[in-house]
2 protein chains.
Amino acid sequence: MNLQNDLILRAARGESIERYPVWLMRQAGRILPEYRAVRASLSGFKELVETPERAAEVTIQPVDILGVDAAIIFSDILVVPEAMGLEYQMVEKKGPWFEKTVRSKEQLDLLDKDIDIVDRLSYVTEAIKITNKELNGRVPLIGFAGAPWTIFCYMTEGQGSKTFSESRKILYTNPTLAHELLNRITDVTVQYLKAQIKAGAHMVQVFDSWAGILGTEQYAEFGLKYIEKIASQIDEVPVTLFSKGAYASMEALAALPCNTVGLDWNMDMQTIRNVVGETRTLQGNLDPCALYASHSEVEKRTNNMLDSFKSQRHIVNLGHGVYPDVDPEKVKTFIQTVKSYEIQY
Amino acid sequence: MNLQNDLILRAARGESIERYPVWLMRQAGRILPEYRAVRASLSGFKELVETPERAAEVTIQPVDILGVDAAIIFSDILVVPEAMGLEYQMVEKKGPWFEKTVRSKEQLDLLDKDIDIVDRLSYVTEAIKITNKELNGRVPLIGFAGAPWTIFCYMTEGQGSKTFSESRKILYTNPTLAHELLNRITDVTVQYLKAQIKAGAHMVQVFDSWAGILGTEQYAEFGLKYIEKIASQIDEVPVTLFSKGAYASMEALAALPCNTVGLDWNMDMQTIRNVVGETRTLQGNLDPCALYASHSEVEKRTNNMLDSFKSQRHIVNLGHGVYPDVDPEKVKTFIQTVKSYEIQY
């Protein structure tokens, strides 16, 4: 099927574009009343993730309602540890919670072996197929997965944490176990991303939400090493790497085989461009809190960001997922401002 | 009273030292069974903070038990917002919680006016006097306060948060209110630190725990500006500034009038030294998780850190508060390793 809008794919590949493409992390979610209506009709977050027709429905909502240049499949990075044998619950107002964790060789051995990840996560690939059918080529569809380090954090800590000290403890007390688990997550993630691409994902993003809690040496050893294993095995579609908070590792991250590097809202676009050069597209990075400001202020700050770009190699996004209490009209102002902006290059 | 061990004061001032001084953030706390015994005999955390004799007792424990080169007064950064009129509770396993928050001019006007902070926080200055009397000059005593930005975060968000989006929202929707509140916090904090110094604190540290959630521009405007106001008014004793996660703002932070800059465990010592030069002492920054490793590994990693130092201008610490489940014997190994290390310069 031909894409009517392939702006984001061209931007990722560094090709010529008429204007900057724009989408938002967490665009399919609680900011939209239409999403909340679907969600309320189901038993909970996980039922939505696991029901392909409904997942497809909320995936498409921001394309229809907000006018973004790409859809991202509605899912969760934690479907991967669950497929490996660690079931999770999404606890209202608290976040994910795992009954079992992996902190020893014995617990690692309890994980399911020789799993058919494509089969276990067929609800995601099915949702991708339905989404593409219903999108009918209007915009590309982004697939995604968590980076091994972030998945490792949840599998070892068992829940969110300010310090992830249980996860980081293992790096000191049993690095062999850490590498074993990271390797297993990596293998499964490569298969999962390839299945998403085969099902129709036009590009993929790897999210390393907890990159920022490691120093550069440990992030190289336990984070980047495994992202590289993934990125080097995906050559079918453009790859985006987003390592939140990894300020000091951006040069090393951008050196991995990828098309696009995501910036969080604390990273200075020009500083990162100087470090990365023109070999990669940069994605981001308006502060999600900027969308709490007035419409004119949102427009001004968005234009300021666009003015700071010095080339075509940009995909516009926020520097973090959009916050659930943001007014969708402000999101529209953000998107419209990007769409009206005339590229200087 | 003459100090028998003034190593940390000399290190802060860049004077000659025989060996590197060492202490730990959160050294007076849950790692010590002796602390937990005192804590269990009282109704809760706040009673301990507000009872000078007991606060002094737990302040001195790590000097006796661990052999650190400085005591830090046992207290909490949230005594300041409480003195301003926002009472807080310390909820077990959840952290601080404020019933009232300040998100509007009306709520700002509800804060107590013309408060006598020295009187309201006399339990802290009293604890400082008792501590010094009982320490009898063995080691210096460190006073401290939260940085205005971090206190602002708690007063506006009302509790801990991963994103502090309520706090950051105000920077976009009502910067005037933000500056008004930050100014009030700053004024009170200066008076509070001066009272601690008058009571006997030999040096002071300003903790900006949430520095890392702002980009460099916003941190300059809403963070550093107020730290500078504080630092420029304290010239009685050495001042340490610790802005956790402010990787991109370290040069600007070190340019403020202070003696010492703290590094979190993710910051590379050599990189920061290159940025800061020899005009400031650097404090830190072993990863607190390194203390989960074996004794020989703790020794090795501590020595590696010490080997990376290229001058005398260092105070050894962790890069974050010591985690509560760390074995005190590992802390002793850390401290002993520092004490046995021969300075090369």
# chains A, B, ... in the order shown; residues from 1 in each chain; ligands from 1
$ closest_atom_pairs --of "chain A" --to "chain B" --cutoff "7 Å" --atoms "only C-alpha atoms" --output "JSON lines"
{"residue": "A:Ser165", "atom": "CA", "partner": "B:Cys289", "partner_atom": "CA", "distance": 6.5}
{"residue": "A:Arg168", "atom": "CA", "partner": "B:Cys289", "partner_atom": "CA", "distance": 6.4}
{"residue": "A:Lys169", "atom": "CA", "partner": "B:Cys289", "partner_atom": "CA", "distance": 5.4}
{"residue": "A:Tyr172", "atom": "CA", "partner": "B:Ala293", "partner_atom": "CA", "distance": 5.4}
{"residue": "A:Thr173", "atom": "CA", "partner": "B:Ala293", "partner_atom": "CA", "distance": 5.1}
{"residue": "A:Leu214", "atom": "CA", "partner": "B:Asn266", "partner_atom": "CA", "distance": 5.9}
{"residue": "A:Gly215", "atom": "CA", "partner": "B:Asn266", "partner_atom": "CA", "distance": 3.9}
{"residue": "A:Thr216", "atom": "CA", "partner": "B:Asn266", "partner_atom": "CA", "distance": 6.9}
{"residue": "A:Trp265", "atom": "CA", "partner": "B:Gly215", "partner_atom": "CA", "distance": 6.6}
{"residue": "A:Asn266", "atom": "CA", "partner": "B:Gly215", "partner_atom": "CA", "distance": 3.9}
{"residue": "A:Met267", "atom": "CA", "partner": "B:Gly215", "partner_atom": "CA", "distance": 6.5}
{"residue": "A:Cys289", "atom": "CA", "partner": "B:Lys169", "partner_atom": "CA", "distance": 5.4}
{"residue": "A:Ala290", "atom": "CA", "partner": "B:Tyr172", "partner_atom": "CA", "distance": 6.1}
{"residue": "A:Tyr292", "atom": "CA", "partner": "B:Lys169", "partner_atom": "CA", "distance": 6.1}
{"residue": "A:Ala293", "atom": "CA", "partner": "B:Thr173", "partner_atom": "CA", "distance": 5.1}
$ select_by_dssp --residues "stretch 26-131 of chain B" --states "helix (DSSP H, G or I)" --output "ChimeraX atom specification"
/B:33-40,45-50,52-65,79-83,105-109,117-120,122-131
$ select_by_dssp --residues "stretch 14-225 of chain A" --states "strand (DSSP E)" --output "list in words"
Ala71, Ile72, Tyr88, Gln89, Met90, Val91, Gly95, Pro96, Trp97, Phe98, Leu141, Ile142, Gly143, Phe144, Ala145, Gly146, Met203, Val204, Gln205, Val206, Phe207 and Asp208 of chain A
$ residues_around --residues "A:Ala195" --least-positions-apart "3" --cutoff "12 Å" --atoms "only C-alpha atoms" --output "mmCIF file with N, CA and C atoms, in the first residue's frame"
data_model
loop_
_atom_site.group_PDB
_atom_site.id
_atom_site.type_symbol
_atom_site.label_atom_id
_atom_site.label_comp_id
_atom_site.auth_asym_id
_atom_site.auth_seq_id
_atom_site.Cartn_x
_atom_site.Cartn_y
_atom_site.Cartn_z
ATOM 1 N N ASP A 116 7.802 -18.806 21.882
ATOM 2 C CA ASP A 116 7.506 -18.290 20.549
ATOM 3 C C ASP A 116 6.929 -16.884 20.746
ATOM 4 N N ILE A 117 7.838 -15.909 20.745
ATOM 5 C CA ILE A 117 7.440 -14.534 21.067
ATOM 6 C C ILE A 117 6.413 -14.006 20.060
ATOM 7 N N VAL A 118 6.568 -14.419 18.808
ATOM 8 C CA VAL A 118 5.660 -13.935 17.762
ATOM 9 C C VAL A 118 4.238 -14.414 18.050
ATOM 10 N N ASP A 119 4.145 -15.633 18.537
ATOM 11 C CA ASP A 119 2.839 -16.170 18.895
ATOM 12 C C ASP A 119 2.303 -15.491 20.156
ATOM 13 N N ARG A 120 3.166 -15.378 21.169
ATOM 14 C CA ARG A 120 2.712 -14.801 22.442
ATOM 15 C C ARG A 120 2.278 -13.348 22.298
ATOM 16 N N LEU A 121 2.934 -12.639 21.405
ATOM 17 C CA LEU A 121 2.577 -11.229 21.235
ATOM 18 C C LEU A 121 1.817 -11.001 19.928
ATOM 19 N N SER A 122 1.073 -12.026 19.499
ATOM 20 C CA SER A 122 0.326 -11.906 18.240
ATOM 21 C C SER A 122 -0.761 -10.840 18.345
ATOM 22 N N TYR A 123 -1.184 -10.524 19.587
ATOM 23 C CA TYR A 123 -2.191 -9.455 19.696
ATOM 24 C C TYR A 123 -1.626 -8.109 19.246
ATOM 25 N N VAL A 124 -0.317 -7.932 19.385
ATOM 26 C CA VAL A 124 0.291 -6.678 18.919
ATOM 27 C C VAL A 124 0.387 -6.664 17.388
ATOM 28 N N THR A 125 0.904 -7.750 16.832
ATOM 29 C CA THR A 125 1.040 -7.790 15.366
ATOM 30 C C THR A 125 -0.329 -7.739 14.692
ATOM 31 N N GLU A 126 -1.311 -8.358 15.328
ATOM 32 C CA GLU A 126 -2.675 -8.301 14.810
ATOM 33 C C GLU A 126 -3.194 -6.849 14.826
ATOM 34 N N ALA A 127 -2.931 -6.149 15.923
ATOM 35 C CA ALA A 127 -3.343 -4.739 16.031
ATOM 36 C C ALA A 127 -2.662 -3.893 14.952
ATOM 37 N N ILE A 128 -1.415 -4.214 14.657
ATOM 38 C CA ILE A 128 -0.682 -3.480 13.607
ATOM 39 C C ILE A 128 -1.356 -3.675 12.250
ATOM 40 N N LYS A 129 -1.738 -4.927 11.971
ATOM 41 C CA LYS A 129 -2.390 -5.214 10.675
ATOM 42 C C LYS A 129 -3.717 -4.476 10.553
ATOM 43 N N GLY A 143 6.304 1.086 15.161
ATOM 44 C CA GLY A 143 6.345 -0.003 16.145
ATOM 45 C C GLY A 143 7.367 0.350 17.212
ATOM 46 N N PHE A 144 7.342 -0.346 18.327
ATOM 47 C CA PHE A 144 8.321 -0.005 19.371
ATOM 48 C C PHE A 144 8.554 -1.144 20.347
ATOM 49 N N ALA A 145 9.614 -0.978 21.121
ATOM 50 C CA ALA A 145 9.919 -1.895 22.230
ATOM 51 C C ALA A 145 10.744 -1.129 23.249
ATOM 52 N N VAL A 188 14.793 -11.699 22.462
ATOM 53 C CA VAL A 188 13.337 -11.654 22.329
ATOM 54 C C VAL A 188 12.901 -10.341 21.672
ATOM 55 N N THR A 189 13.568 -9.256 22.040
ATOM 56 C CA THR A 189 13.191 -7.940 21.507
ATOM 57 C C THR A 189 13.447 -7.842 20.002
ATOM 58 N N VAL A 190 14.556 -8.424 19.553
ATOM 59 C CA VAL A 190 14.838 -8.419 18.109
ATOM 60 C C VAL A 190 13.733 -9.169 17.360
ATOM 61 N N GLN A 191 13.363 -10.336 17.878
ATOM 62 C CA GLN A 191 12.288 -11.110 17.230
ATOM 63 C C GLN A 191 10.978 -10.329 17.235
ATOM 64 N N TYR A 192 10.717 -9.676 18.344
ATOM 65 C CA TYR A 192 9.463 -8.924 18.505
ATOM 66 C C TYR A 192 9.405 -7.750 17.525
ATOM 67 N N LYS A 198 7.294 -7.019 10.083
ATOM 68 C CA LYS A 198 6.664 -7.939 9.134
ATOM 69 C C LYS A 198 5.151 -7.696 9.074
ATOM 70 N N ALA A 199 4.579 -7.350 10.231
ATOM 71 C CA ALA A 199 3.132 -7.103 10.278
ATOM 72 C C ALA A 199 2.773 -5.754 9.655
ATOM 73 N N GLY A 200 3.780 -4.872 9.484
ATOM 74 C CA GLY A 200 3.467 -3.610 8.814
ATOM 75 C C GLY A 200 4.001 -2.337 9.443
ATOM 76 N N ALA A 201 4.772 -2.445 10.522
ATOM 77 C CA ALA A 201 5.349 -1.222 11.114
ATOM 78 C C ALA A 201 6.338 -0.596 10.128
ATOM 79 N N HIS A 202 6.202 0.706 9.872
ATOM 80 C CA HIS A 202 7.040 1.384 8.878
ATOM 81 C C HIS A 202 8.334 1.913 9.460
ATOM 82 N N VAL A 204 10.617 1.799 13.607
ATOM 83 C CA VAL A 204 10.535 1.324 14.991
ATOM 84 C C VAL A 204 11.352 2.232 15.906
ATOM 85 N N ILE A 234 18.331 -4.741 12.802
ATOM 86 C CA ILE A 234 17.129 -4.199 12.155
ATOM 87 C C ILE A 234 17.571 -3.341 10.976
ATOM 88 N N GLU A 236 15.422 -3.354 8.052
ATOM 89 C CA GLU A 236 14.259 -3.303 7.156
ATOM 90 C C GLU A 236 13.617 -1.917 7.113
#
$ closest_residue --among "B:Leu306, B:Ala56, B:Ile272, B:Ile230" --to "B:Ile72" --atoms "only C-alpha atoms"
B:Ala56
$ atom_distance --atom1 "atom CA of A:Ala211" --atom2 "atom CA of A:Leu182"
14.0 Å
$ closest_residue --among "A:Thr333, A:Gly321, A:Leu256, A:Ser41" --to "A:Arg301" --atoms "only C-alpha atoms"
A:Thr333
$ residues_around --residues "B:Tyr341" --least-positions-apart "4" --cutoff "8 Å" --atoms "only C-alpha atoms" --output "ChimeraX atom specification"
/B:19-20,303,306,337
$ closest_residue --among "A:Leu224, A:Leu24, A:Ile77, A:Leu193" --to "A:Asn285" --atoms "only C-alpha atoms"
A:Leu24
$ residues_around --residues "A:Asp64" --least-positions-apart "3" --cutoff "12 Å" --atoms "only C-alpha atoms" --output "short mmCIF file (atom, residue, chain, number, x, y, z; two decimals) with N, CA and C atoms, in the first residue's frame"
data_model
loop_
_atom_site.label_atom_id
_atom_site.label_comp_id
_atom_site.auth_asym_id
_atom_site.auth_seq_id
_atom_site.Cartn_x
_atom_site.Cartn_y
_atom_site.Cartn_z
N GLN A 27 0.73 9.89 22.35
CA GLN A 27 -0.38 10.59 21.69
C GLN A 27 -1.66 9.76 21.74
N ALA A 28 -1.53 8.43 21.70
CA ALA A 28 -2.69 7.56 21.86
C ALA A 28 -2.82 7.29 23.35
N LEU A 32 -6.87 12.21 25.25
CA LEU A 32 -8.05 12.26 24.38
C LEU A 32 -9.29 11.69 25.08
N GLU A 34 -11.82 10.66 23.63
CA GLU A 34 -12.21 9.50 22.82
C GLU A 34 -11.46 8.25 23.28
N GLU A 57 -8.04 0.95 17.25
CA GLU A 57 -8.92 2.12 17.31
C GLU A 57 -8.24 3.31 18.01
N VAL A 58 -7.67 3.07 19.17
CA VAL A 58 -7.04 4.18 19.88
C VAL A 58 -5.72 4.61 19.23
N THR A 59 -5.10 3.69 18.48
CA THR A 59 -3.89 4.05 17.74
C THR A 59 -4.20 5.10 16.68
N ILE A 60 -5.37 4.95 16.06
CA ILE A 60 -5.75 5.82 14.93
C ILE A 60 -6.34 7.16 15.41
N GLN A 61 -6.91 7.17 16.61
CA GLN A 61 -7.54 8.40 17.12
C GLN A 61 -6.69 9.67 16.94
N GLY A 67 -4.19 15.14 13.99
CA GLY A 67 -3.51 15.42 12.72
C GLY A 67 -2.01 15.17 12.73
N VAL A 68 -1.57 14.20 13.53
CA VAL A 68 -0.14 13.87 13.57
C VAL A 68 0.31 13.18 12.27
N ASP A 69 1.63 13.22 12.03
CA ASP A 69 2.19 12.66 10.80
C ASP A 69 2.57 11.19 10.91
N ALA A 70 2.28 10.58 12.05
CA ALA A 70 2.55 9.14 12.20
C ALA A 70 1.67 8.62 13.32
N ALA A 71 1.29 7.36 13.20
CA ALA A 71 0.63 6.66 14.30
C ALA A 71 1.69 5.82 15.00
N GLU A 134 -7.01 0.07 8.42
CA GLU A 134 -7.93 1.18 8.64
C GLU A 134 -7.30 2.54 8.32
N LEU A 135 -5.99 2.65 8.53
CA LEU A 135 -5.32 3.90 8.17
C LEU A 135 -5.30 4.08 6.66
N ARG A 138 -2.74 6.53 5.14
CA ARG A 138 -2.74 7.97 5.43
C ARG A 138 -1.42 8.43 6.03
N VAL A 139 -0.93 7.69 7.04
CA VAL A 139 0.38 8.00 7.66
C VAL A 139 1.10 6.69 7.99
N LYS A 332 -3.09 20.45 19.52
CA LYS A 332 -3.39 20.84 18.13
C LYS A 332 -2.62 22.11 17.74
#
$ atom_distance --atom1 "atom CA of A:Pro148" --atom2 "atom CA of A:Tyr226"
6.4 Å
$ residues_around --residues "A:Gly284" --least-positions-apart "5" --cutoff "7 Å" --atoms "only C-alpha atoms" --output "list in words"
Gly262, Leu263, Asp264, Ile315, Val316, Asn317, Leu318 and Gly319 of chain A
$ atom_distance --atom1 "atom CA of B:Ser243" --atom2 "atom CA of A:Thr150"
24.7 Å
$ closest_atom_pairs --of "stretch 118-188 of chain B" --to "stretch 81-103 of chain B" --cutoff "7 Å" --atoms "only C-alpha atoms" --output "Markdown table"
| residue | atom | partner | partner_atom | distance |
| --- | --- | --- | --- | --- |
| B:Arg120 | CA | B:Ala83 | CA | 6.1 |
| B:Ile151 | CA | B:Pro81 | CA | 6.9 |
| B:Met155 | CA | B:Thr101 | CA | 5.4 |
| B:Thr156 | CA | B:Val102 | CA | 5.0 |
| B:Glu157 | CA | B:Thr101 | CA | 6.8 |
| B:Gly158 | CA | B:Phe98 | CA | 4.8 |
| B:Gln159 | CA | B:Trp97 | CA | 4.8 |
| B:Gly160 | CA | B:Pro96 | CA | 6.8 |
$ closest_residue --among "B:His314, B:Arg39, B:Arg13, B:Lys133" --to "B:Ile343" --atoms "only C-alpha atoms"
B:His314
